[in-house]
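Here is coords-v1.cif, consisting of mmCIF, C-alpha atoms:
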data_run
loop_
_atom_site.label_atom_id
_atom_site.label_comp_id
_atom_site.auth_asym_id
_atom_site.auth_seq_id
_atom_site.Cartn_x
_atom_site.Cartn_y
_atom_site.Cartn_z
CA MET K 1 -7.36 13.81 -11.38
CA ARG K 2 -6.26 17.34 -10.33
CA GLU K 3 -5.83 18.53 -13.93
CA GLN K 4 -6.17 16.65 -17.18
CA ILE K 5 -2.66 15.51 -17.94
CA GLU K 6 -1.27 17.07 -21.07
CA LEU K 7 -1.27 14.71 -24.03
CA HIS K 8 1.80 14.29 -26.15
CA ASP K 9 3.37 11.92 -28.63
CA GLU K 10 6.32 10.68 -26.60
CA LYS K 11 7.88 7.81 -28.51
CA GLN K 12 7.54 4.42 -26.79
CA GLU K 13 10.69 2.33 -26.82
CA ALA K 14 11.17 -1.42 -26.27
CA ARG K 15 11.84 -4.50 -28.35
CA ALA K 16 9.94 -7.78 -28.52
CA ARG K 17 12.12 -10.58 -27.18
CA HIS K 18 9.76 -13.51 -27.77
CA ASP K 19 8.09 -14.97 -30.84
CA VAL K 20 5.30 -12.61 -31.87
CA THR K 21 2.91 -15.53 -31.90
CA ALA K 22 3.20 -15.77 -28.12
CA HIS K 23 0.64 -12.97 -27.74
CA PRO K 24 -1.87 -11.68 -30.33
CA SER K 25 -1.07 -8.25 -31.75
CA VAL K 26 -3.18 -5.16 -31.30
CA LYS K 27 -3.49 -3.19 -34.53
CA GLY K 28 0.20 -3.43 -35.29
CA SER K 29 1.11 -1.84 -31.97
CA ALA K 30 4.66 -3.20 -32.03
CA GLU K 31 5.48 -1.15 -35.12
CA ALA K 32 3.42 1.85 -34.01
CA ALA K 33 5.27 2.04 -30.69
CA GLY K 34 8.64 2.37 -32.42
CA LEU K 35 10.22 -0.62 -30.69
CA SER K 36 13.97 -0.33 -31.05
CA HIS K 37 15.83 -0.82 -27.76
CA SER K 38 16.53 -3.93 -25.70
CA ALA K 39 15.39 -4.28 -22.11
CA ASP K 40 18.96 -3.54 -20.94
CA GLU K 41 18.81 -0.06 -22.54
CA LEU K 42 15.45 1.00 -21.12
CA THR K 43 15.07 3.07 -17.95
CA VAL K 44 12.69 2.21 -15.11
CA SER K 45 10.93 4.08 -12.31
CA VAL K 46 9.20 2.04 -9.59
CA VAL K 47 6.38 4.00 -7.90
CA ILE K 48 5.14 2.88 -4.47
CA PRO K 49 2.12 4.54 -2.79
CA CYS K 50 2.63 4.20 0.95
CA TYR K 51 1.02 5.09 4.27
CA ASN K 52 2.00 3.71 7.69
CA GLU K 53 3.79 0.66 6.31
CA GLU K 54 6.80 0.45 8.63
CA GLY K 55 6.35 -3.32 8.89
CA PHE K 56 6.57 -3.93 5.12
CA ILE K 57 8.25 -1.07 3.25
CA GLY K 58 11.79 -2.10 4.24
CA LYS K 59 11.33 -5.60 2.83
CA VAL K 60 9.76 -4.20 -0.35
CA LEU K 61 12.75 -1.89 -0.91
CA GLU K 62 15.23 -4.69 -0.24
CA ASN K 63 13.55 -6.92 -2.83
CA LEU K 64 13.47 -4.14 -5.42
CA ALA K 65 16.97 -2.77 -4.85
CA ASP K 66 18.98 -5.04 -7.17
CA GLN K 67 16.36 -5.85 -9.80
CA TYR K 68 17.71 -3.47 -12.45
CA ALA K 69 20.92 -1.64 -13.33
CA SER K 70 21.21 1.26 -10.87
CA ALA K 71 22.23 3.77 -13.57
CA ARG K 72 18.87 3.31 -15.30
CA TYR K 73 16.67 2.72 -12.27
CA GLU K 74 14.95 4.63 -9.49
CA ILE K 75 12.46 3.86 -6.70
CA ILE K 76 9.93 6.51 -5.70
CA VAL K 77 8.07 6.09 -2.39
CA VAL K 78 5.01 8.39 -2.34
CA ASP K 79 4.13 8.70 1.33
CA GLY K 80 0.76 9.92 2.63
CA MET K 81 2.42 11.68 5.58
CA SER K 82 2.84 8.49 7.62
CA THR K 83 2.55 8.77 11.40
CA ASP K 84 4.55 5.61 12.18
CA LYS K 85 8.23 4.93 11.37
CA THR K 86 7.72 4.45 7.61
CA ARG K 87 9.72 7.53 6.64
CA GLU K 88 12.55 6.57 9.01
CA VAL K 89 12.71 3.09 7.47
CA VAL K 90 12.93 4.59 3.97
CA SER K 91 15.60 7.11 5.06
CA GLU K 92 17.65 4.38 6.71
CA PHE K 93 17.52 2.33 3.51
CA MET K 94 18.66 5.35 1.47
CA LEU K 95 21.68 5.80 3.74
CA ARG K 96 22.55 2.11 3.69
CA ARG K 97 22.15 1.71 -0.09
CA PRO K 98 23.28 5.07 -1.57
CA GLU K 99 23.95 3.48 -4.97
CA ILE K 100 20.19 2.95 -5.42
CA ALA K 101 18.28 6.07 -6.46
CA VAL K 102 15.43 6.25 -3.91
CA ARG K 103 13.22 9.33 -3.51
CA LEU K 104 10.54 10.12 -0.95
CA VAL K 105 7.63 12.19 -2.31
CA ASP K 106 4.96 13.69 -0.04
CA ASN K 107 1.28 12.93 -0.71
CA PRO K 108 -0.82 15.28 1.47
CA ALA K 109 -4.02 13.95 -0.18
CA LYS K 110 -3.33 10.56 1.45
CA ASN K 111 -4.98 8.46 -1.25
CA ILE K 112 -3.62 5.96 -3.77
CA PRO K 113 -4.60 7.47 -7.16
CA THR K 114 -3.14 10.85 -6.19
CA ALA K 115 -0.01 9.10 -4.93
CA LEU K 116 0.37 7.30 -8.25
CA ASN K 117 -0.04 10.47 -10.29
CA LEU K 118 2.41 12.39 -8.09
CA GLY K 119 4.98 9.61 -8.31
CA ILE K 120 4.66 9.06 -12.05
CA GLU K 121 4.68 12.78 -12.76
CA SER K 122 8.00 13.11 -10.92
CA ALA K 123 9.45 9.91 -12.45
CA ARG K 124 12.57 10.45 -14.54
CA HIS K 125 12.34 7.26 -16.56
CA GLU K 126 10.23 5.87 -19.39
CA ILE K 127 8.97 2.57 -17.90
CA ILE K 128 6.76 2.81 -14.82
CA VAL K 129 6.37 -0.18 -12.49
CA ARG K 130 3.52 0.40 -10.05
CA MET K 131 4.26 -1.45 -6.82
CA ASP K 132 2.57 -1.61 -3.41
CA ALA K 133 4.00 -1.07 0.05
CA HIS K 134 2.69 -4.34 1.49
CA SER K 135 3.29 -6.61 -1.50
CA VAL K 136 6.77 -8.09 -1.87
CA PRO K 137 7.84 -8.74 -5.50
CA SER K 138 9.74 -11.79 -6.72
CA GLU K 139 13.42 -11.26 -7.57
CA ASN K 140 12.78 -11.11 -11.33
CA TYR K 141 9.70 -8.87 -11.14
CA VAL K 142 11.02 -5.59 -12.58
CA ARG K 143 13.19 -7.03 -15.34
CA ARG K 144 10.46 -9.45 -16.43
CA CYS K 145 7.94 -6.59 -16.59
CA VAL K 146 10.30 -4.63 -18.85
CA GLU K 147 10.85 -7.65 -21.07
CA SER K 148 7.13 -8.36 -21.36
CA LEU K 149 6.38 -4.76 -22.31
CA GLY K 150 8.60 -5.34 -25.32
CA GLU K 151 6.32 -8.07 -26.62
CA GLU K 152 3.95 -7.28 -29.42
CA GLY K 153 0.48 -6.10 -28.40
CA VAL K 154 1.28 -5.55 -24.69
CA SER K 155 0.30 -2.18 -23.20
CA VAL K 156 0.34 -3.10 -19.50
CA VAL K 157 1.89 -6.11 -17.81
CA GLY K 158 1.41 -7.43 -14.29
CA MET K 159 2.06 -10.62 -12.38
CA PRO K 160 -0.07 -12.78 -10.10
CA TRP K 161 -0.37 -12.49 -6.36
CA ARG K 162 0.72 -15.25 -4.04
CA ILE K 163 -1.64 -14.42 -1.22
CA LYS K 164 -0.21 -14.95 2.25
CA ALA K 165 -1.55 -14.57 5.78
CA ARG K 166 -0.56 -11.36 7.52
CA ALA K 167 -0.27 -13.24 10.82
CA GLU K 168 -0.38 -16.82 12.08
CA THR K 169 -3.80 -16.40 13.68
CA THR K 170 -6.80 -18.46 12.62
CA GLN K 171 -8.59 -15.39 11.26
CA ALA K 172 -5.63 -14.19 9.20
CA ARG K 173 -4.98 -17.64 7.73
CA ALA K 174 -8.66 -18.14 6.90
CA ILE K 175 -8.88 -14.74 5.20
CA ALA K 176 -5.81 -15.46 3.07
CA LEU K 177 -7.39 -18.71 1.87
CA ALA K 178 -10.81 -17.13 1.22
CA VAL K 179 -9.51 -14.20 -0.86
CA ALA K 180 -7.49 -16.58 -3.04
CA HIS K 181 -10.41 -18.89 -3.85
CA PRO K 182 -12.88 -18.46 -6.75
CA PHE K 183 -15.88 -18.81 -4.44
CA GLY K 184 -14.62 -15.87 -2.44
CA ILE K 185 -13.42 -13.50 -5.17
CA GLY K 186 -14.69 -14.86 -8.50
CA ASP K 187 -12.43 -15.38 -11.49
CA ALA K 188 -9.82 -12.66 -10.89
CA LYS K 189 -6.98 -14.50 -12.65
CA TYR K 190 -4.16 -12.77 -10.79
CA ARG K 191 -5.46 -14.17 -7.47
CA LEU K 192 -5.72 -17.78 -8.64
CA SER K 193 -2.71 -20.08 -8.25
CA ASN K 194 -3.44 -22.12 -11.39
CA SER K 195 -3.47 -19.16 -13.80
CA GLU K 196 -1.28 -19.09 -16.90
CA SER K 197 0.05 -16.16 -18.92
CA GLN K 198 -2.86 -14.56 -20.76
CA PHE K 199 -4.53 -11.27 -21.65
CA VAL K 200 -6.94 -10.19 -18.89
CA ASP K 201 -9.18 -7.30 -17.79
CA THR K 202 -6.85 -6.11 -15.05
CA VAL K 203 -3.69 -6.93 -13.10
CA PRO K 204 -2.34 -5.71 -9.77
CA PHE K 205 0.50 -3.21 -9.83
CA GLY K 206 0.84 -2.97 -13.61
CA ALA K 207 3.94 -1.85 -15.51
CA PHE K 208 3.50 0.51 -18.47
CA ARG K 209 5.14 3.36 -20.35
CA LYS K 210 4.87 6.85 -18.97
CA SER K 211 3.62 8.01 -22.37
CA LEU K 212 0.59 5.69 -22.00
CA TRP K 213 -0.20 7.23 -18.61
CA ARG K 214 -0.18 10.67 -20.24
CA GLU K 215 -2.26 9.60 -23.22
CA ILE K 216 -5.17 8.27 -21.16
CA GLY K 217 -5.13 11.04 -18.57
CA GLY K 218 -3.42 9.30 -15.65
CA PHE K 219 -5.19 7.67 -12.70
CA ASN K 220 -8.64 8.97 -11.82
CA GLU K 221 -8.29 10.74 -8.48
CA ALA K 222 -12.07 10.75 -8.02
CA LEU K 223 -11.89 6.96 -7.41
CA LEU K 224 -10.36 6.10 -4.04
CA ALA K 225 -10.42 2.39 -4.88
CA ASN K 226 -10.62 0.42 -8.15
CA GLU K 227 -8.21 2.96 -9.63
CA ASP K 228 -6.19 0.18 -11.28
CA TYR K 229 -9.24 -1.41 -12.90
CA ASP K 230 -10.40 1.98 -14.16
CA PHE K 231 -6.95 2.72 -15.62
CA HIS K 232 -6.82 -0.66 -17.34
CA TYR K 233 -10.37 -0.28 -18.65
CA ARG K 234 -9.39 2.97 -20.36
CA VAL K 235 -6.30 1.28 -21.79
CA ARG K 236 -8.48 -1.48 -23.24
CA GLN K 237 -10.94 1.06 -24.61
CA ARG K 238 -8.17 2.58 -26.73
CA GLY K 239 -7.18 -0.83 -28.13
CA GLY K 240 -4.48 -1.80 -25.63
CA ARG K 241 -4.06 -5.15 -23.93
CA ILE K 242 -3.31 -6.14 -20.34
CA LEU K 243 -0.96 -9.11 -19.94
CA LEU K 244 -0.87 -11.33 -16.87
CA ASP K 245 2.64 -12.79 -16.95
CA VAL K 246 3.11 -15.74 -14.59
CA ASP K 247 6.91 -15.87 -14.92
CA GLY K 248 7.07 -13.75 -11.76
CA HIS K 249 4.80 -12.87 -8.85
CA SER K 250 4.37 -10.72 -5.78
CA ASP K 251 3.60 -11.90 -2.26
CA TYR K 252 0.44 -10.08 -1.16
CA PHE K 253 -0.40 -10.06 2.55
CA ALA K 254 -4.16 -10.26 3.08
CA ARG K 255 -6.01 -8.50 5.89
CA GLY K 256 -5.40 -9.89 9.35
CA SER K 257 -8.85 -9.73 10.97
CA PHE K 258 -12.53 -9.98 10.03
CA LYS K 259 -13.00 -6.30 10.88
CA GLU K 260 -10.20 -5.25 8.51
CA LEU K 261 -11.61 -7.56 5.81
CA ALA K 262 -15.08 -6.01 6.14
CA VAL K 263 -13.69 -2.47 5.93
CA GLN K 264 -11.65 -3.40 2.87
CA TYR K 265 -14.55 -4.92 0.94
CA PHE K 266 -16.99 -2.17 1.95
CA ARG K 267 -14.51 0.26 0.40
CA TYR K 268 -14.03 -1.90 -2.71
CA GLY K 269 -17.77 -2.21 -3.35
CA ARG K 270 -18.53 1.45 -2.72
CA TRP K 271 -15.89 2.70 -5.15
CA LYS K 272 -16.61 0.00 -7.71
CA ALA K 273 -20.11 1.45 -7.92
CA GLN K 274 -18.65 4.90 -8.62
CA MET K 275 -16.58 3.47 -11.44
CA VAL K 276 -19.61 1.71 -12.91
CA LYS K 277 -21.53 4.99 -12.86
CA LEU K 278 -18.66 6.58 -14.80
CA ASN K 279 -18.19 3.63 -17.17
CA PRO K 280 -21.32 1.40 -17.21
CA ARG K 281 -19.87 -0.86 -19.89
CA SER K 282 -17.02 -1.86 -17.58
CA LEU K 283 -19.39 -3.96 -15.45
CA ARG K 284 -19.04 -7.75 -15.73
CA VAL K 285 -21.75 -10.30 -14.95
CA ARG K 286 -19.58 -11.88 -12.24
CA GLN K 287 -19.53 -8.56 -10.40
CA LEU K 288 -23.31 -8.63 -10.04
CA VAL K 289 -23.43 -11.92 -8.12
CA ALA K 290 -22.75 -10.49 -4.63
CA PRO K 291 -25.08 -7.46 -5.02
CA VAL K 292 -27.91 -9.69 -6.30
CA PHE K 293 -27.31 -12.08 -3.38
CA VAL K 294 -27.55 -9.25 -0.85
CA LEU K 295 -30.54 -7.68 -2.57
CA SER K 296 -32.41 -10.99 -2.57
CA ILE K 297 -31.79 -11.53 1.16
CA VAL K 298 -32.97 -8.03 2.12
CA SER K 299 -35.98 -8.13 -0.22
CA LEU K 300 -37.16 -11.55 0.92
CA LEU K 301 -36.71 -10.65 4.59
CA LEU K 302 -38.85 -7.54 4.20
CA LEU K 303 -41.41 -9.35 2.08
CA GLY K 304 -41.54 -12.11 4.69
CA LEU K 305 -43.07 -9.68 7.16
CA TRP K 306 -46.31 -9.89 5.14
CA TRP K 307 -45.94 -13.03 3.05
CA ARG K 308 -44.66 -16.20 4.75
CA LEU K 309 -43.74 -17.87 1.46
CA ALA K 310 -41.02 -15.24 1.03
CA LEU K 311 -39.24 -16.73 4.05
CA LEU K 312 -39.30 -20.11 2.34
CA ALA K 313 -37.80 -18.50 -0.75
CA LEU K 314 -35.11 -16.95 1.48
CA LEU K 315 -34.30 -20.41 2.82
CA LEU K 316 -33.96 -21.65 -0.75
CA VAL K 317 -31.45 -18.85 -1.42
CA LEU K 318 -29.39 -19.31 1.75
CA THR K 319 -29.23 -23.12 1.83
CA PRO K 320 -27.18 -23.63 -1.36
CA TYR K 321 -24.96 -20.68 -0.46
CA VAL K 322 -24.16 -22.03 3.00
CA ALA K 323 -23.67 -25.54 1.58
CA LEU K 324 -21.18 -24.28 -1.00
CA ALA K 325 -19.36 -22.15 1.56
CA ILE K 326 -18.99 -25.12 3.91
CA PHE K 327 -17.93 -27.41 1.05
CA PHE K 328 -15.13 -25.11 -0.15
CA ALA K 329 -14.09 -24.27 3.41
CA PHE K 330 -13.85 -28.02 4.09
CA LYS K 331 -11.56 -28.52 1.10
CA LEU K 332 -9.35 -25.55 2.01
CA SER K 333 -9.11 -26.60 5.66
CA ARG K 334 -8.19 -30.17 4.70
CA ARG K 335 -5.52 -28.89 2.31
CA ALA K 336 -4.13 -26.63 5.05
CA GLY K 337 -4.24 -29.47 7.57
CA ASP K 338 -6.13 -27.45 10.17
CA TRP K 339 -9.84 -28.05 10.77
CA ARG K 340 -10.07 -24.99 13.03
CA LEU K 341 -9.97 -22.93 9.82
CA LEU K 342 -13.27 -24.31 8.50
CA PRO K 343 -15.75 -22.04 10.36
CA ALA K 344 -13.43 -19.05 9.98
CA ILE K 345 -13.26 -19.52 6.19
CA VAL K 346 -17.08 -19.68 6.00
CA VAL K 347 -17.27 -16.41 7.94
CA ALA K 348 -14.65 -14.83 5.65
CA PHE K 349 -16.65 -15.82 2.56
CA LEU K 350 -19.79 -14.29 4.05
CA ILE K 351 -18.03 -11.04 5.00
CA ILE K 352 -16.58 -10.63 1.51
CA HIS K 353 -19.91 -11.13 -0.23
CA ILE K 354 -22.11 -9.16 2.17
CA ALA K 355 -19.67 -6.25 2.54
CA TRP K 356 -18.94 -5.92 -1.19
CA GLY K 357 -22.51 -6.53 -2.33
CA SER K 358 -24.19 -4.16 0.12
CA SER K 359 -21.68 -1.33 -0.36
CA PHE K 360 -21.93 -1.67 -4.14
CA LEU K 361 -25.71 -1.28 -3.95
CA ALA K 362 -25.38 1.68 -1.61
CA GLY K 363 -22.78 3.23 -3.89
CA LEU K 364 -25.18 3.10 -6.83
CA ILE K 365 -27.59 5.31 -4.86
CA TYR K 366 -25.18 7.89 -3.50
CA SER K 367 -21.62 9.09 -4.12
CA PRO K 368 -19.38 8.80 -1.05
CA GLN K 369 -17.31 11.72 0.15
CA ARG K 370 -13.58 11.55 -0.47
#
Represent the structure from my file as structure tokens, please.
Amino acid sequence: MREQIELHDEKQEARARHDVTAHPSVKGSAEAAGLSHSADELTVSVVIPCYNEEGFIGKVLENLADQYASARYEIIVVDGMSTDKTREVVSEFMLRRPEIAVRLVDNPAKNIPTALNLGIESARHEIIVRMDAHSVPSENYVRRCVESLGEEGVSVVGMPWRIKARAETTQARAIALAVAHPFGIGDAKYRLSNSESQFVDTVPFGAFRKSLWREIGGFNEALLANEDYDFHYRVRQRGGRILLDVDGHSDYFARGSFKELAVQYFRYGRWKAQMVKLNPRSLRVRQLVAPVFVLSIVSLLLLGLWWRLALLALLLVLTPYVALAIFFAFKLSRRAGDWRLLPAIVVAFLIIHIAWGSSFLAGLIYSPQR
């Protein structure tokens, strides 16, 4: 980030409200954190990175407005100098709901990790809830996050996504189904509808204490994607735990077209590679599947120019992949009651894997410009 954030020993305050056996402890962290106050006494700052989100930011603010006592609550929108009507929508909300403390902070850098650091740095309260401008939280999201942070052994808490289509087009609906299925995105628990509360590697939009953010040096502004995973990895490295709490959720709106999906996963793969170069031990076997798939296709195609058997090997790689993609697309289309989705879901699977895998491999070779 811009400067290493100054470390200090700010006392963490909260109180466990559930049986301590509900979640394993982490080196006596409940006692070490000085838990003493109930959730009703804690103060909360919601931080929302935002850029050109006029279609969503109003709904996000409406859902957040009444989730906590206004005297101990604020919402900070960190805007990357939006060129649409985002700032007008936020200003209109501030005028209409003056009892809710809402602040608009400028982010000239126009990237998410910088936005998070700017917002958290300016936050007045002790609990930070990191939200997103195009993800609408459930009505109990903020209070449940505060309650869960009071449980023993919990350093960061987040809730699952309920992934929804951004539009009613075939492409948008297919993408929403593909990015919520294990074949498309692996075992990311927060994306899967059958997940239960558990400790995980990462969560979307985590809630944590501001003192924790200071202690681990804030969000890494050198990573323009995967900043949440990197933050959570550093939390886990210092003995903390990340809780996925399924008592609430947020509605996440997936990309609306194949082009947008490809751009998104090219960015994810490229910046994931940068994180792996910084923290090699953060890599998981599941994250190698797409890069190995892409590498095998390219290698066998090139080898096939001289050795025909390589093309047979390529067929042996592609056939089971295509079969699985069609099988899962068939099941998802039948569940949705629309067979037009089947080919679109197969294409969405392919875009996710090729875009992420190829950009990850490229990112290992070179470091992209900011």
| query | What's the 10 Å shell around segment 185-190 of chain K, counting only C-alpha atoms, without same-chain residues fewer than 5 positions away, as number ranges by chain? | reply | K: 158-162, 178-180, 195-204, 244-246, 249, 286-287, 289-290, 349, 352-353
Next, dump the selected residues to file, keeping only C-alpha atoms, as an mmCIF file, in the frame of the given file.
data_model
loop_
_atom_site.group_PDB
_atom_site.id
_atom_site.type_symbol
_atom_site.label_atom_id
_atom_site.label_comp_id
_atom_site.auth_asym_id
_atom_site.auth_seq_id
_atom_site.Cartn_x
_atom_site.Cartn_y
_atom_site.Cartn_z
ATOM 1 C CA GLY K 158 1.410 -7.430 -14.290
ATOM 2 C CA MET K 159 2.060 -10.620 -12.380
ATOM 3 C CA PRO K 160 -0.070 -12.780 -10.100
ATOM 4 C CA TRP K 161 -0.370 -12.490 -6.360
ATOM 5 C CA ARG K 162 0.720 -15.250 -4.040
ATOM 6 C CA ALA K 178 -10.810 -17.130 1.220
ATOM 7 C CA VAL K 179 -9.510 -14.200 -0.860
ATOM 8 C CA ALA K 180 -7.490 -16.580 -3.040
ATOM 9 C CA SER K 195 -3.470 -19.160 -13.800
ATOM 10 C CA GLU K 196 -1.280 -19.090 -16.900
ATOM 11 C CA SER K 197 0.050 -16.160 -18.920
ATOM 12 C CA GLN K 198 -2.860 -14.560 -20.760
ATOM 13 C CA PHE K 199 -4.530 -11.270 -21.650
ATOM 14 C CA VAL K 200 -6.940 -10.190 -18.890
ATOM 15 C CA ASP K 201 -9.180 -7.300 -17.790
ATOM 16 C CA THR K 202 -6.850 -6.110 -15.050
ATOM 17 C CA VAL K 203 -3.690 -6.930 -13.100
ATOM 18 C CA PRO K 204 -2.340 -5.710 -9.770
ATOM 19 C CA LEU K 244 -0.870 -11.330 -16.870
ATOM 20 C CA ASP K 245 2.640 -12.790 -16.950
ATOM 21 C CA VAL K 246 3.110 -15.740 -14.590
ATOM 22 C CA HIS K 249 4.800 -12.870 -8.850
ATOM 23 C CA ARG K 286 -19.580 -11.880 -12.240
ATOM 24 C CA GLN K 287 -19.530 -8.560 -10.400
ATOM 25 C CA VAL K 289 -23.430 -11.920 -8.120
ATOM 26 C CA ALA K 290 -22.750 -10.490 -4.630
ATOM 27 C CA PHE K 349 -16.650 -15.820 2.560
ATOM 28 C CA ILE K 352 -16.580 -10.630 1.510
ATOM 29 C CA HIS K 353 -19.910 -11.130 -0.230
#
| Residues within 12 Å of (12.3, 7.1, 6.3), file coords, all atoms listed in the file, listed as number ranges by chain | K: 50-54, 57-58, 61, 77-79, 81-96, 102-106
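The set of residues that the PyMOL selection byres ((chain K and resi 135) around 9) takes from this file is Phe56, Ile57, Val60, Met131, Asp132, Ala133, His134, Val136, Pro137, Trp161, Ser250, Asp251, Tyr252 and Phe253 of chain K.
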| message | For the provided coordinates, the residues matched by the PyMOL selection byres ((chain K and resi 313) around 10) should be stated as JSON, numbers by chain. | response | {"K": [296, 297, 300, 301, 304, 308, 309, 310, 311, 312, 314, 315, 316, 317, 318]}
Please produce a file of those selected residues containing C-alpha atoms, as a PDB file, in the coordinates of the input.
ATOM      1  CA  SER K 296     -32.410 -10.990  -2.570  1.00  0.00           C
ATOM      2  CA  ILE K 297     -31.790 -11.530   1.160  1.00  0.00           C
ATOM      3  CA  LEU K 300     -37.160 -11.550   0.920  1.00  0.00           C
ATOM      4  CA  LEU K 301     -36.710 -10.650   4.590  1.00  0.00           C
ATOM      5  CA  GLY K 304     -41.540 -12.110   4.690  1.00  0.00           C
ATOM      6  CA  ARG K 308     -44.660 -16.200   4.750  1.00  0.00           C
ATOM      7  CA  LEU K 309     -43.740 -17.870   1.460  1.00  0.00           C
ATOM      8  CA  ALA K 310     -41.020 -15.240   1.030  1.00  0.00           C
ATOM      9  CA  LEU K 311     -39.240 -16.730   4.050  1.00  0.00           C
ATOM     10  CA  LEU K 312     -39.300 -20.110   2.340  1.00  0.00           C
ATOM     11  CA  LEU K 314     -35.110 -16.950   1.480  1.00  0.00           C
ATOM     12  CA  LEU K 315     -34.300 -20.410   2.820  1.00  0.00           C
ATOM     13  CA  LEU K 316     -33.960 -21.650  -0.750  1.00  0.00           C
ATOM     14  CA  VAL K 317     -31.450 -18.850  -1.420  1.00  0.00           C
ATOM     15  CA  LEU K 318     -29.390 -19.310   1.750  1.00  0.00           C
TER      16      LEU K 318
END
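Of note, atom CA of Phe219 of chain K and atom CA of Arg241 of chain K are spaced 17.1 Å apart.
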| message | Using all atoms listed in the file, list the residues that have an atom at most 12 Å from (14.4, 3.9, -9.1), coordinates as in the file, as JSON, numbers by chain. | response | {"K": [43, 44, 45, 46, 47, 48, 61, 64, 65, 66, 67, 68, 69, 70, 71, 72, 73, 74, 75, 76, 77, 94, 98, 99, 100, 101, 102, 103, 104, 119, 120, 122, 123, 124, 125, 126, 127, 128, 129, 130, 131, 142]}
Could you list, as a PDB file with C-alpha atoms, in the coordinates of the input, every residue matched by the PyMOL selection byres ((chain K and resi 260) around 12) in this structure?
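Listing of out-v1.pdb after writing:
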ATOM      1  CA  ARG K 166      -0.560 -11.360   7.520  1.00  0.00           C
ATOM      2  CA  GLN K 171      -8.590 -15.390  11.260  1.00  0.00           C
ATOM      3  CA  ALA K 172      -5.630 -14.190   9.200  1.00  0.00           C
ATOM      4  CA  ILE K 175      -8.880 -14.740   5.200  1.00  0.00           C
ATOM      5  CA  ALA K 254      -4.160 -10.260   3.080  1.00  0.00           C
ATOM      6  CA  ARG K 255      -6.010  -8.500   5.890  1.00  0.00           C
ATOM      7  CA  GLY K 256      -5.400  -9.890   9.350  1.00  0.00           C
ATOM      8  CA  SER K 257      -8.850  -9.730  10.970  1.00  0.00           C
ATOM      9  CA  PHE K 258     -12.530  -9.980  10.030  1.00  0.00           C
ATOM     10  CA  LYS K 259     -13.000  -6.300  10.880  1.00  0.00           C
ATOM     11  CA  LEU K 261     -11.610  -7.560   5.810  1.00  0.00           C
ATOM     12  CA  ALA K 262     -15.080  -6.010   6.140  1.00  0.00           C
ATOM     13  CA  VAL K 263     -13.690  -2.470   5.930  1.00  0.00           C
ATOM     14  CA  GLN K 264     -11.650  -3.400   2.870  1.00  0.00           C
ATOM     15  CA  TYR K 265     -14.550  -4.920   0.940  1.00  0.00           C
ATOM     16  CA  PHE K 266     -16.990  -2.170   1.950  1.00  0.00           C
ATOM     17  CA  ARG K 267     -14.510   0.260   0.400  1.00  0.00           C
ATOM     18  CA  ALA K 348     -14.650 -14.830   5.650  1.00  0.00           C
ATOM     19  CA  ILE K 351     -18.030 -11.040   5.000  1.00  0.00           C
ATOM     20  CA  ILE K 352     -16.580 -10.630   1.510  1.00  0.00           C
ATOM     21  CA  ALA K 355     -19.670  -6.250   2.540  1.00  0.00           C
TER      22      ALA K 355
END
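As for atom CA of Glu151 of chain K and atom CA of Asp247 of chain K, they are spaced 14.1 Å apart.
Across the structure, atom CA of Phe205 of chain K and atom CA of Val156 of chain K are spaced 9.7 Å apart.
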Edge lengths and centre in Å, axis-aligned, segment 181-198 of chain K plus 5 Å each side, as lines of an AutoDock Vina configuration file:
center_x = -7.9
center_y = -17.4
center_z = -11.6
size_x = 25.9
size_y = 19.5
size_z = 28.3
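When all atoms listed in the file are used to measure the gap to Arg340 of chain K, the shortest distance among K:Ala362, K:Ala165, K:Ala174, K:Ile216 belongs to K:Ala174.
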| Restricting the calculation to all atoms listed in the file, which member of K:Gly80, K:Leu361, K:Ile326, K:His181 is positioned closest to Pro108 of chain K? | K:Gly80
Please complete segment 200-206 of chain K with N, CA and C atoms and give it back as a PDB file, in the frame of the given file.
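So the final result, stored in part_10.pdb, reads:
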ATOM      1  N   VAL K 200      -5.881 -10.250 -19.892  1.00  0.00           N
ATOM      2  CA  VAL K 200      -6.940 -10.190 -18.890  1.00  0.00           C
ATOM      3  C   VAL K 200      -7.524  -8.781 -18.820  1.00  0.00           C
ATOM      4  N   ASP K 201      -8.564  -8.624 -17.973  1.00  0.00           N
ATOM      5  CA  ASP K 201      -9.180  -7.300 -17.790  1.00  0.00           C
ATOM      6  C   ASP K 201      -8.284  -6.375 -16.973  1.00  0.00           C
ATOM      7  N   THR K 202      -7.639  -6.937 -15.952  1.00  0.00           N
ATOM      8  CA  THR K 202      -6.850  -6.110 -15.050  1.00  0.00           C
ATOM      9  C   THR K 202      -5.777  -6.949 -14.371  1.00  0.00           C
ATOM     10  N   VAL K 203      -4.761  -6.285 -13.868  1.00  0.00           N
ATOM     11  CA  VAL K 203      -3.690  -6.930 -13.100  1.00  0.00           C
ATOM     12  C   VAL K 203      -3.378  -6.030 -11.907  1.00  0.00           C
ATOM     13  N   PRO K 204      -2.769  -6.581 -10.872  1.00  0.00           N
ATOM     14  CA  PRO K 204      -2.340  -5.710  -9.770  1.00  0.00           C
ATOM     15  C   PRO K 204      -0.984  -5.091 -10.097  1.00  0.00           C
ATOM     16  N   PHE K 205      -0.817  -3.839  -9.743  1.00  0.00           N
ATOM     17  CA  PHE K 205       0.500  -3.210  -9.830  1.00  0.00           C
ATOM     18  C   PHE K 205       1.100  -3.291 -11.236  1.00  0.00           C
ATOM     19  N   GLY K 206       0.393  -2.846 -12.234  1.00  0.00           N
ATOM     20  CA  GLY K 206       0.840  -2.970 -13.610  1.00  0.00           C
ATOM     21  C   GLY K 206       2.071  -2.138 -13.934  1.00  0.00           C
TER      22      GLY K 206
END
